Every structure is written in structure tokens, then in C-alpha cells.
>>> print(open('input.txt').read())   # compact mmCIF, C-alpha atoms
# COMPACT_ATOMS: atom_id res chain seq x y z
CA MET A 3 162.40 143.52 122.45
CA ARG A 4 159.42 141.48 123.57
CA THR A 5 157.29 144.49 124.33
CA ALA A 6 157.72 145.88 120.80
CA LYS A 7 156.14 142.79 119.18
CA LYS A 8 153.03 142.53 121.39
CA GLY A 9 150.86 144.91 119.37
CA SER A 10 151.84 143.70 115.91
CA VAL A 11 149.53 140.65 116.04
CA THR A 12 146.59 142.80 117.04
CA ILE A 13 147.17 145.25 114.21
CA GLU A 14 147.57 142.45 111.65
CA ALA A 15 144.37 140.78 112.88
CA ALA A 16 142.53 144.11 112.69
CA VAL A 17 143.44 144.38 109.00
CA VAL A 18 143.25 140.76 107.86
CA LEU A 19 140.11 139.62 109.68
CA PRO A 20 137.69 142.15 108.09
CA LEU A 21 139.13 141.40 104.64
CA ALA A 22 138.66 137.67 105.19
CA VAL A 23 135.06 138.17 106.39
CA ILE A 24 134.24 140.36 103.38
CA ALA A 25 135.75 137.78 101.01
CA VAL A 26 133.73 134.94 102.55
CA LEU A 27 130.48 136.96 102.51
CA THR A 28 131.09 137.94 98.87
CA MET A 29 131.50 134.28 97.89
CA ILE A 30 128.31 133.37 99.75
CA LEU A 31 126.39 136.15 97.98
CA PHE A 32 127.68 134.96 94.59
CA VAL A 33 126.49 131.43 95.40
CA PHE A 34 123.03 132.83 96.20
CA TYR A 35 123.15 134.84 92.98
CA MET A 36 123.91 131.75 90.91
CA CYS A 37 121.12 129.90 92.72
CA ASP A 38 118.72 132.71 91.76
CA VAL A 39 119.78 132.58 88.11
CA ILE A 40 119.29 128.81 87.98
CA THR A 41 115.90 129.09 89.71
CA VAL A 42 114.69 131.77 87.30
CA ARG A 43 115.88 129.82 84.25
CA ALA A 44 114.12 126.67 85.46
CA LYS A 45 110.89 128.57 86.19
CA ALA A 46 111.05 130.31 82.80
CA GLU A 47 111.48 126.99 81.02
CA ALA A 48 108.60 125.47 82.98
CA TYR A 49 106.29 128.40 82.18
CA THR A 50 107.03 128.25 78.45
CA MET A 51 105.50 124.77 78.52
CA LYS A 52 102.36 125.82 80.42
CA ASP A 53 99.02 125.92 78.65
CA GLY A 54 96.39 128.58 79.20
CA ASP A 55 95.84 132.31 78.99
CA ILE A 56 99.10 134.23 78.55
CA SER A 57 98.13 136.97 81.05
CA GLU A 58 97.42 134.36 83.75
CA ILE A 59 100.69 132.56 83.01
CA GLU A 60 102.60 135.86 83.21
CA LYS A 61 100.92 136.84 86.49
CA ASP A 62 101.65 133.44 88.04
CA PHE A 63 105.25 133.51 86.77
CA LYS A 64 105.84 137.00 88.26
CA GLU A 65 104.48 135.91 91.65
CA LYS A 66 106.58 132.73 91.78
CA VAL A 67 109.81 134.39 90.65
CA THR A 68 109.55 137.36 93.01
CA ARG A 69 108.81 134.99 95.89
CA GLU A 70 111.62 132.52 95.19
CA VAL A 71 114.63 134.72 94.37
CA LEU A 72 116.97 135.34 97.28
CA VAL A 73 119.37 138.18 96.48
CA CYS A 74 118.41 139.36 92.97
CA ASN A 75 115.89 141.98 91.96
CA PRO A 76 113.74 140.73 89.07
CA SER A 77 112.38 143.35 86.67
CA ASP A 78 110.91 143.64 83.17
CA ILE A 79 109.15 140.29 83.40
CA SER A 80 107.12 139.38 80.34
CA VAL A 81 105.57 136.28 78.84
CA SER A 82 104.52 136.43 75.20
CA LYS A 83 103.10 134.04 72.65
CA SER A 84 103.47 134.36 68.90
CA ASN A 85 102.51 131.72 66.37
CA ASN A 86 103.93 128.49 67.82
CA THR A 87 106.46 130.03 70.19
CA VAL A 88 106.12 131.00 73.85
CA THR A 89 108.80 133.41 75.11
CA VAL A 90 109.65 134.33 78.70
CA ASP A 91 111.87 137.39 79.26
CA ILE A 92 113.20 138.58 82.61
CA LYS A 93 115.96 140.89 83.84
CA LEU A 94 117.81 140.16 87.07
CA SER A 95 119.95 142.74 88.82
CA PHE A 96 122.37 142.04 91.64
CA SER A 97 124.74 144.30 93.57
CA LEU A 98 127.35 143.64 96.21
CA PRO A 99 126.79 145.78 99.29
CA PHE A 100 130.52 146.08 100.02
CA PHE A 101 132.02 147.47 96.84
CA GLY A 102 129.07 148.79 94.85
CA ILE A 103 129.67 146.19 92.13
CA SER A 104 126.49 145.35 90.24
CA LYS A 105 125.57 142.79 87.61
CA GLU A 106 122.54 142.56 85.37
CA ASP A 107 121.40 139.49 83.45
CA GLU A 108 118.76 139.11 80.80
CA ILE A 109 117.19 135.68 80.62
CA ARG A 110 115.12 134.65 77.62
CA GLU A 111 113.56 131.23 77.21
CA ASN A 112 111.79 130.23 73.98
CA TYR A 113 109.75 127.14 73.44
CA GLU A 114 107.95 125.98 70.33
CA VAL A 115 104.46 124.62 70.98
CA GLU A 116 104.77 121.96 68.28
CA ASN A 117 107.88 120.52 69.93
CA LYS A 118 106.02 120.52 73.24
CA ARG A 119 103.29 118.29 71.83
CA LYS A 120 105.88 115.84 70.48
CA TYR A 121 107.64 115.85 73.85
CA ILE A 122 104.38 115.16 75.72
CA ASP A 123 103.52 112.34 73.29
CA LYS A 124 106.93 110.76 73.90
CA ILE A 125 106.43 111.01 77.67
CA LYS A 126 102.99 109.36 77.41
CA ALA A 127 104.43 106.57 75.25
CA ALA A 128 107.24 106.00 77.74
CA LYS A 129 104.77 105.85 80.64
CA GLU A 130 102.62 103.32 78.81
CA LEU A 131 105.71 101.25 78.04
CA VAL A 132 106.72 101.26 81.70
CA LYS A 133 103.17 100.38 82.83
CA GLY A 134 103.11 97.51 80.34
CA ASP A 135 106.41 96.15 81.65
CA ASN A 136 105.21 96.34 85.26
CA GLN A 137 101.97 94.47 84.46
CA ASN A 138 103.87 91.64 82.77
CA GLY A 139 105.95 91.13 85.92
CA ASP A 140 109.27 92.09 84.27
>>> encode(input="input.txt", output="C-alpha cells")
Amino acid sequence: MRTAKKGSVTIEAAVVLPLAVIAVLTMILFVFYMCDVITVRAKAEAYTMKDGDISEIEKDFKEKVTREVLVCNPSDISVSKSNNTVTVDIKLSFSLPFFGISKEDEIRENYEVENKRKYIDKIKAAKELVKGDNQNGD
């Protein structure tokens, strides 16, 4: 009876261990994917607030995004400006190497230039208020 059970643990480990490794690696890849999405959204928001020539902003944005993403493939990157709105569009594609599952996201960030000026004015006012408090010794 004892000899019949010796190989069962080995066979179970041969089946369960690869499945566990694949599950852990899949979770890690999804964490990296979410990190890439958050990074691209933050960069897109930052570049909608940037002043200057749109072609230079777009070129700089493309370089930064392609350098900083970990597991995604960015494509169709564009930065456009119309009237008072700056728009950043980007597509991210991601695929799992194990199962052939792929996901594609489109990220679009819009920012109105008029709101940006109000935001900058509020920041400057807050800085002056803080400087004034520090000079008074409060």
C-alpha cells in the first residue's frame, strides 16, 4: 500500500505548481499594467497643462510615455489644441503571454486653458499666503 502512494504527490505537484506560478505571474503583470495606465493618465494630464508649441509637446510626451511604460504598447499618440482646450489621446495595448488574452485602452485627457489660468492664479495666491504667514512668524 505504501508504494502505491509515493508517486501521487509528485504528479499533483507537477500539475499544481505550474498553475500556481502562472497565476502569480498573471497577477504581477496586471499590477504592472495598472501602473502603466496610471502613469500614462498622469503624464497626459500634466501635458495638457504645458505651454508651448503643440508639436514639441507631442514629441516630448511620446518620448516620455514610451520610455516609462513597463508592459504596455502605446500607439496612436496625439496632442491637439483647439480653441481653449488641449486634448491628449493615447491607445495602450496589453497582452498576456500565457493565454493570448489582450486588452486595449483608449485614454483621453482634456483640459481647458481658461481653467488652467484660474488654477495657476489660485496656486500663486496660496503660495503668497503661505510666504506671508512664514514671515510673520506664525
>>> atom_distance(input="input.txt", atom1="CA of Glu70 (chain A)", atom2="CA of Val42 (chain A)")
8.5 Å
>>> closest_residue(input="input.txt", among="A:Val23, A:Met36, A:Ile59, A:Ala46", to="Arg110 (chain A)", atoms="only C-alpha atoms")
A:Ala46
>>> closest_residue(input="input.txt", among="A:Leu19, A:Ile122, A:Ile109, A:Ala25", to="Ile40 (chain A)", atoms="only C-alpha atoms")
A:Ile109
>>> residues_around(input="input.txt", residues="Phe63 (chain A)", least_positions_apart="2", cutoff="12 Å", atoms="all atoms listed in the file", output="VMD selection string")
chain A and resid 41 to 50 52 56 to 61 65 to 70 76 79 to 82 90 to 92
>>> atom_distance(input="input.txt", atom1="CA of Phe101 (chain A)", atom2="CA of Ala16 (chain A)")
19.3 Å
>>> residues_around(input="input.txt", residues="Ile30 (chain A)", least_positions_apart="6", cutoff="12 Å", atoms="only C-alpha atoms", output="list in words")
Val23, Ile24, Met36, Cys37, Leu72, Val73 and Leu98 of chain A
>>> residues_around(input="input.txt", residues="Thr87 (chain A)", least_positions_apart="2", cutoff="7 Å", atoms="all atoms listed in the file", output="compact mmCIF listing (two decimals) with C-alpha atoms, keeping the file's coordinate frame")
# COMPACT_ATOMS: atom_id res chain seq x y z
CA LYS A 83 103.10 134.04 72.65
CA SER A 84 103.47 134.36 68.90
CA ASN A 85 102.51 131.72 66.37
CA THR A 89 108.80 133.41 75.11
CA ASN A 112 111.79 130.23 73.98
CA TYR A 113 109.75 127.14 73.44
CA GLU A 114 107.95 125.98 70.33
CA VAL A 115 104.46 124.62 70.98
>>> residues_around(input="input.txt", residues="Leu27 (chain A)", least_positions_apart="5", cutoff="12 Å", atoms="only C-alpha atoms", output="JSON, numbers by chain")
{"A": [20, 21, 22, 32, 33, 34, 98, 99, 100]}
>>> write_last_selection(input="input.txt", atoms="C-alpha atoms", output="short mmCIF file (atom, residue, chain, number, x, y, z; two decimals), keeping the file's coordinate frame")
data_model
loop_
_atom_site.label_atom_id
_atom_site.label_comp_id
_atom_site.auth_asym_id
_atom_site.auth_seq_id
_atom_site.Cartn_x
_atom_site.Cartn_y
_atom_site.Cartn_z
CA PRO A 20 137.69 142.15 108.09
CA LEU A 21 139.13 141.40 104.64
CA ALA A 22 138.66 137.67 105.19
CA PHE A 32 127.68 134.96 94.59
CA VAL A 33 126.49 131.43 95.40
CA PHE A 34 123.03 132.83 96.20
CA LEU A 98 127.35 143.64 96.21
CA PRO A 99 126.79 145.78 99.29
CA PHE A 100 130.52 146.08 100.02
#
>>> closest_residue(input="input.txt", among="A:Asp38, A:Thr12, A:Asp62, A:Lys126", to="Asn75 (chain A)", atoms="all atoms listed in the file")
A:Asp38
>>> atom_distance(input="input.txt", atom1="CA of Lys93 (chain A)", atom2="CA of Lys105 (chain A)")
10.5 Å
>>> closest_residue(input="input.txt", among="A:Val88, A:Lys133, A:Val71, A:Val26", to="Gly54 (chain A)", atoms="only C-alpha atoms")
A:Val88
>>> decode(input="input.txt", residues="region 13-35 of chain A", atoms="N, CA and C atoms", output="PDB file, in the first residue's frame")
ATOM      1  N   ILE A  13       3.011  13.745  -8.932  1.00  0.00           N
ATOM      2  CA  ILE A  13       2.096  14.058 -10.034  1.00  0.00           C
ATOM      3  C   ILE A  13       1.242  15.269  -9.688  1.00  0.00           C
ATOM      4  N   GLU A  14       0.744  15.348  -8.465  1.00  0.00           N
ATOM      5  CA  GLU A  14      -0.044  16.514  -8.054  1.00  0.00           C
ATOM      6  C   GLU A  14       0.795  17.784  -8.097  1.00  0.00           C
ATOM      7  N   ALA A  15       2.036  17.726  -7.644  1.00  0.00           N
ATOM      8  CA  ALA A  15       2.915  18.890  -7.671  1.00  0.00           C
ATOM      9  C   ALA A  15       3.228  19.308  -9.105  1.00  0.00           C
ATOM     10  N   ALA A  16       3.353  18.324  -9.996  1.00  0.00           N
ATOM     11  CA  ALA A  16       3.641  18.631 -11.405  1.00  0.00           C
ATOM     12  C   ALA A  16       2.476  19.350 -12.072  1.00  0.00           C
ATOM     13  N   VAL A  17       1.278  19.167 -11.584  1.00  0.00           N
ATOM     14  CA  VAL A  17       0.106  19.832 -12.153  1.00  0.00           C
ATOM     15  C   VAL A  17      -0.166  21.160 -11.450  1.00  0.00           C
ATOM     16  N   VAL A  18      -0.107  21.166 -10.139  1.00  0.00           N
ATOM     17  CA  VAL A  18      -0.496  22.344  -9.357  1.00  0.00           C
ATOM     18  C   VAL A  18       0.562  23.441  -9.406  1.00  0.00           C
ATOM     19  N   LEU A  19       1.814  23.094  -9.329  1.00  0.00           N
ATOM     20  CA  LEU A  19       2.878  24.105  -9.275  1.00  0.00           C
ATOM     21  C   LEU A  19       2.906  25.004 -10.515  1.00  0.00           C
ATOM     22  N   PRO A  20       2.876  24.475 -11.737  1.00  0.00           N
ATOM     23  CA  PRO A  20       2.849  25.382 -12.899  1.00  0.00           C
ATOM     24  C   PRO A  20       1.628  26.284 -12.923  1.00  0.00           C
ATOM     25  N   LEU A  21       0.470  25.752 -12.509  1.00  0.00           N
ATOM     26  CA  LEU A  21      -0.738  26.589 -12.470  1.00  0.00           C
ATOM     27  C   LEU A  21      -0.595  27.718 -11.451  1.00  0.00           C
ATOM     28  N   ALA A  22      -0.008  27.427 -10.310  1.00  0.00           N
ATOM     29  CA  ALA A  22       0.203  28.455  -9.287  1.00  0.00           C
ATOM     30  C   ALA A  22       1.188  29.512  -9.778  1.00  0.00           C
ATOM     31  N   VAL A  23       2.254  29.097 -10.446  1.00  0.00           N
ATOM     32  CA  VAL A  23       3.248  30.046 -10.975  1.00  0.00           C
ATOM     33  C   VAL A  23       2.612  30.938 -12.036  1.00  0.00           C
ATOM     34  N   ILE A  24       1.819  30.348 -12.928  1.00  0.00           N
ATOM     35  CA  ILE A  24       1.152  31.141 -13.965  1.00  0.00           C
ATOM     36  C   ILE A  24       0.176  32.134 -13.339  1.00  0.00           C
ATOM     37  N   ALA A  25      -0.549  31.721 -12.317  1.00  0.00           N
ATOM     38  CA  ALA A  25      -1.497  32.628 -11.652  1.00  0.00           C
ATOM     39  C   ALA A  25      -0.769  33.801 -10.996  1.00  0.00           C
ATOM     40  N   VAL A  26       0.336  33.526 -10.328  1.00  0.00           N
ATOM     41  CA  VAL A  26       1.102  34.596  -9.671  1.00  0.00           C
ATOM     42  C   VAL A  26       1.692  35.543 -10.714  1.00  0.00           C
ATOM     43  N   LEU A  27       2.271  35.016 -11.778  1.00  0.00           N
ATOM     44  CA  LEU A  27       2.842  35.868 -12.831  1.00  0.00           C
ATOM     45  C   LEU A  27       1.771  36.707 -13.519  1.00  0.00           C
ATOM     46  N   THR A  28       0.584  36.149 -13.709  1.00  0.00           N
ATOM     47  CA  THR A  28      -0.519  36.905 -14.304  1.00  0.00           C
ATOM     48  C   THR A  28      -0.926  38.069 -13.406  1.00  0.00           C
ATOM     49  N   MET A  29      -1.010  37.838 -12.109  1.00  0.00           N
ATOM     50  CA  MET A  29      -1.334  38.935 -11.186  1.00  0.00           C
ATOM     51  C   MET A  29      -0.260  40.013 -11.210  1.00  0.00           C
ATOM     52  N   ILE A  30       0.991  39.618 -11.256  1.00  0.00           N
ATOM     53  CA  ILE A  30       2.087  40.599 -11.308  1.00  0.00           C
ATOM     54  C   ILE A  30       2.003  41.422 -12.593  1.00  0.00           C
ATOM     55  N   LEU A  31       1.738  40.779 -13.722  1.00  0.00           N
ATOM     56  CA  LEU A  31       1.606  41.510 -14.987  1.00  0.00           C
ATOM     57  C   LEU A  31       0.432  42.479 -14.955  1.00  0.00           C
ATOM     58  N   PHE A  32      -0.681  42.093 -14.334  1.00  0.00           N
ATOM     59  CA  PHE A  32      -1.823  43.001 -14.222  1.00  0.00           C
ATOM     60  C   PHE A  32      -1.491  44.198 -13.330  1.00  0.00           C
ATOM     61  N   VAL A  33      -0.695  43.999 -12.308  1.00  0.00           N
ATOM     62  CA  VAL A  33      -0.261  45.123 -11.470  1.00  0.00           C
ATOM     63  C   VAL A  33       0.592  46.087 -12.292  1.00  0.00           C
ATOM     64  N   PHE A  34       1.508  45.546 -13.086  1.00  0.00           N
ATOM     65  CA  PHE A  34       2.321  46.396 -13.965  1.00  0.00           C
ATOM     66  C   PHE A  34       1.453  47.115 -14.994  1.00  0.00           C
ATOM     67  N   TYR A  35       0.442  46.432 -15.499  1.00  0.00           N
ATOM     68  CA  TYR A  35      -0.477  47.045 -16.456  1.00  0.00           C
ATOM     69  C   TYR A  35      -1.200  48.231 -15.826  1.00  0.00           C
TER      70      TYR A  35
END
